[in-house]
Amino acid sequence: MRRTEADRCPGVLAVHEAADGGLARVRIPGGVLTVEQLDVLRLAASDLGDGRLELTSRGNVQVRGLTADGPRELSQRLYETGLLPSITHERVRNILASPLSGLDNQSAYDVMPLVSAVDRALCSRPGLAELPGRFLFALDDGRGDLSGVQADVLVRAVDEREALLSLGALGVRVSWAEVPEVMVAAAEAFLAERDGQEWRIAELDDGEHRILHRLGLRTTDELPTATSTITAGQHGAAMVVTVPLGSLGPEQAAVVADVAEEIRITPWRSLVLVNGADQRARLDEVGLVTKPDSPWNGVTACAGQPGCAKALADVRAEAWRVTPRLPRHGRPMHWSGCERRCGKPAGEFVDVLALGNGYSIDGERM
Ligand code: SF4
């Protein structure tokens with residue numbers, strides 16, 4: 001696959017100039033934030049941006065509406081709180097982990113402690129600063145919740161001793177001790193195999209076989225097909241809350257920081273509040289969703305107007321107005337301001353599209 005456009009994936013140091021000001025994307029490996037880090041992000045969004053924290057489908061956070069001086073001040077604050085440990089590798093630290101890993105009884109192996117080992121291995125290889133900003137690593141604790149995120153390099157727990165390293169549908173058994181090194185070795189092999197144009201392993205002709213061959217690994221297993229999803233509500237020691245449209249307001253962020261001991265951002269734009277039990281009333285009061293049957297679960301939207309110059313409508317305002325009344329039939333729902341459908345979920349979804357003079361749902365005019 002040959003590309004004509006450059007990789008413009010935003011970061012903190014390379015901010016995207018959106019229609020509503022600078023947009024910075026803060027990589028958060030494993031989606032894990034301390035209470036102090038969430039407070040720093042909340043204050044930075046209020047002082048330097050539009051006040052809200054946008055959750056992304058890779059468990060990262062975006063700050064929008066930055067003024068001209070905003071990025072410099074933001075990067076300084078993030079550096080001081082440990083959210084910008086590498087200048088060279090900041091855009092490539094895309095590492096997902098099963099958000100409930102170690103918190104309920106569903107983990108074949110707790111992968112959360114491995115996140116920082118993979119992050120360190122990634123940042124210690126100078127050549128991996130060249131990875132495209134879209135390249136994705138994922139650590140699944142065995143429950144299959146990350147099987148749909150389309151990671152380039154996925155590790156899925158088998159048991160306490162072994163994991164499956166998976167590139168596409170090809171799986172290789174590895175010991176847990178080997179996992180961080182073999183994940184970054186796969187990324188290095190991708191860079192060696194590509195011709196400079198591809199951003200993802202799936203874009204490389206026969207990429208999975210070529211990378212395994214380069215690593216001297218032979219396929220041993222097929223990837224298990226079992227998957228699972230995480231719903232809002234109590235899960236063991238954690239409370240999962242949906243953040244409507246993935247947009248966390250300052251008051252909501254302050255309450256989350258007050259009730260949780262640690263926060264994990266999920267790829268489904270919800271938050272896992274570690275030890276955040278028995279606080280439903282406070283969370284409900286600020287508009288966070290604590291119930292699995294809420295119409296806001298699984299609803300996402302792109303930036304739309306006024307943030308995106310390509311948008312044909314303010315899709316977020318419209319989504320707020322009508323989402324609870326729209327039929328879903330068990331599928332997630334995504335609102336898009338134009339046909340690019342940025343941020344759409346993987347798999348089947350209800351496709352709500354701005355037309356400029358109204359909306360269509362799954363291709364039918366509303
Ligand atoms: S889908 Fe279109 S309108 Fe929405 S953010 Fe992407 S480019 Fe902008």
# chains A, B, ... in the order shown; residues from 1 in each chain; ligands from 1
>>> select_by_dssp(residues="segment 134-290 of chain A", states="strand (DSSP E or B)", output="MDAnalysis selection string")
chainID A and resid 137:140 153:157 162:167 170:175 221:222 233:235 238:242 247:248 262:265 270:274 289
>>> residues_around(residues="Glu188 of chain A", least_positions_apart="5", cutoff="9 Å", atoms="only C-alpha atoms", output="JSON, numbers by chain")
{"A": [125, 127, 128, 131, 183, 193]}
>>> select_by_dssp(residues="segment 2-91 of chain A", states="alpha helix (DSSP H)", output="ChimeraX atom specification")
/A:35-48,70-80
>>> residues_around(residues="segment 229-232 of chain A", least_positions_apart="2", cutoff="12 Å", atoms="only C-alpha atoms", output="ChimeraX atom specification")
/A:98-101,104,106,143-149,226-227,234-235,238-244,266-273,280,283-284,288-298,332
>>> closest_atom_pairs(of="chain A", to="ligand 1", cutoff="9 Å", atoms="only C-alpha atoms and all ligand atoms", output="Markdown table")
| residue | atom | partner | partner_atom_place_in_ligand_line | distance |
| --- | --- | --- | --- | --- |
| A:Ala301 | CA | ligand 1 | 4 (Fe) | 7.7 |
| A:Cys302 | CA | ligand 1 | 4 (Fe) | 4.5 |
| A:Ala303 | CA | ligand 1 | 5 (S) | 4.6 |
| A:Gly304 | CA | ligand 1 | 3 (S) | 4.5 |
| A:Gln305 | CA | ligand 1 | 3 (S) | 7.0 |
| A:Gly307 | CA | ligand 1 | 8 (Fe) | 7.7 |
| A:Cys308 | CA | ligand 1 | 8 (Fe) | 4.6 |
| A:Ala309 | CA | ligand 1 | 8 (Fe) | 6.5 |
| A:Lys310 | CA | ligand 1 | 3 (S) | 4.9 |
| A:Ala311 | CA | ligand 1 | 3 (S) | 3.4 |
| A:Leu312 | CA | ligand 1 | 3 (S) | 6.5 |
| A:Ala313 | CA | ligand 1 | 3 (S) | 7.7 |
| A:Asp314 | CA | ligand 1 | 3 (S) | 8.8 |
| A:Val315 | CA | ligand 1 | 4 (Fe) | 8.3 |
| A:Trp335 | CA | ligand 1 | 4 (Fe) | 8.2 |
| A:Ser336 | CA | ligand 1 | 1 (S) | 4.8 |
| A:Gly337 | CA | ligand 1 | 3 (S) | 3.6 |
| A:Cys338 | CA | ligand 1 | 2 (Fe) | 3.9 |
| A:Glu339 | CA | ligand 1 | 1 (S) | 6.0 |
| A:Arg340 | CA | ligand 1 | 1 (S) | 4.5 |
| A:Arg341 | CA | ligand 1 | 1 (S) | 3.8 |
| A:Cys342 | CA | ligand 1 | 6 (Fe) | 4.2 |
| A:Gly343 | CA | ligand 1 | 1 (S) | 7.5 |
| A:Lys344 | CA | ligand 1 | 1 (S) | 8.5 |
| A:Leu353 | CA | ligand 1 | 1 (S) | 8.7 |
| A:Ala354 | CA | ligand 1 | 3 (S) | 8.4 |
>>> atom_distance(atom1="atom CA of Thr323 of chain A", atom2="atom CA of Ala19 of chain A")
25.2 Å
>>> residues_around(residues="segment 36-52 of chain A", least_positions_apart="3", cutoff="10 Å", atoms="only C-alpha atoms", output="ChimeraX atom specification")
/A:20-24,26,32-33,55,61-71,73-75,77-78,80-83,246-254,256-258,261-263
>>> atom_distance(atom1="atom CA of Thr34 of chain A", atom2="atom CA of Val153 of chain A")
26.1 Å
>>> residues_around(residues="Gln150 of chain A", least_positions_apart="4", cutoff="10 Å", atoms="only C-alpha atoms", output="PyMOL selection string")
chain A and resi 135-138+146+154+167-168+200+202+346
>>> closest_residue(among="A:Gly133, A:Pro324, A:Gly196, A:Gly216", to="Val172 of chain A", atoms="only C-alpha atoms")
A:Gly216
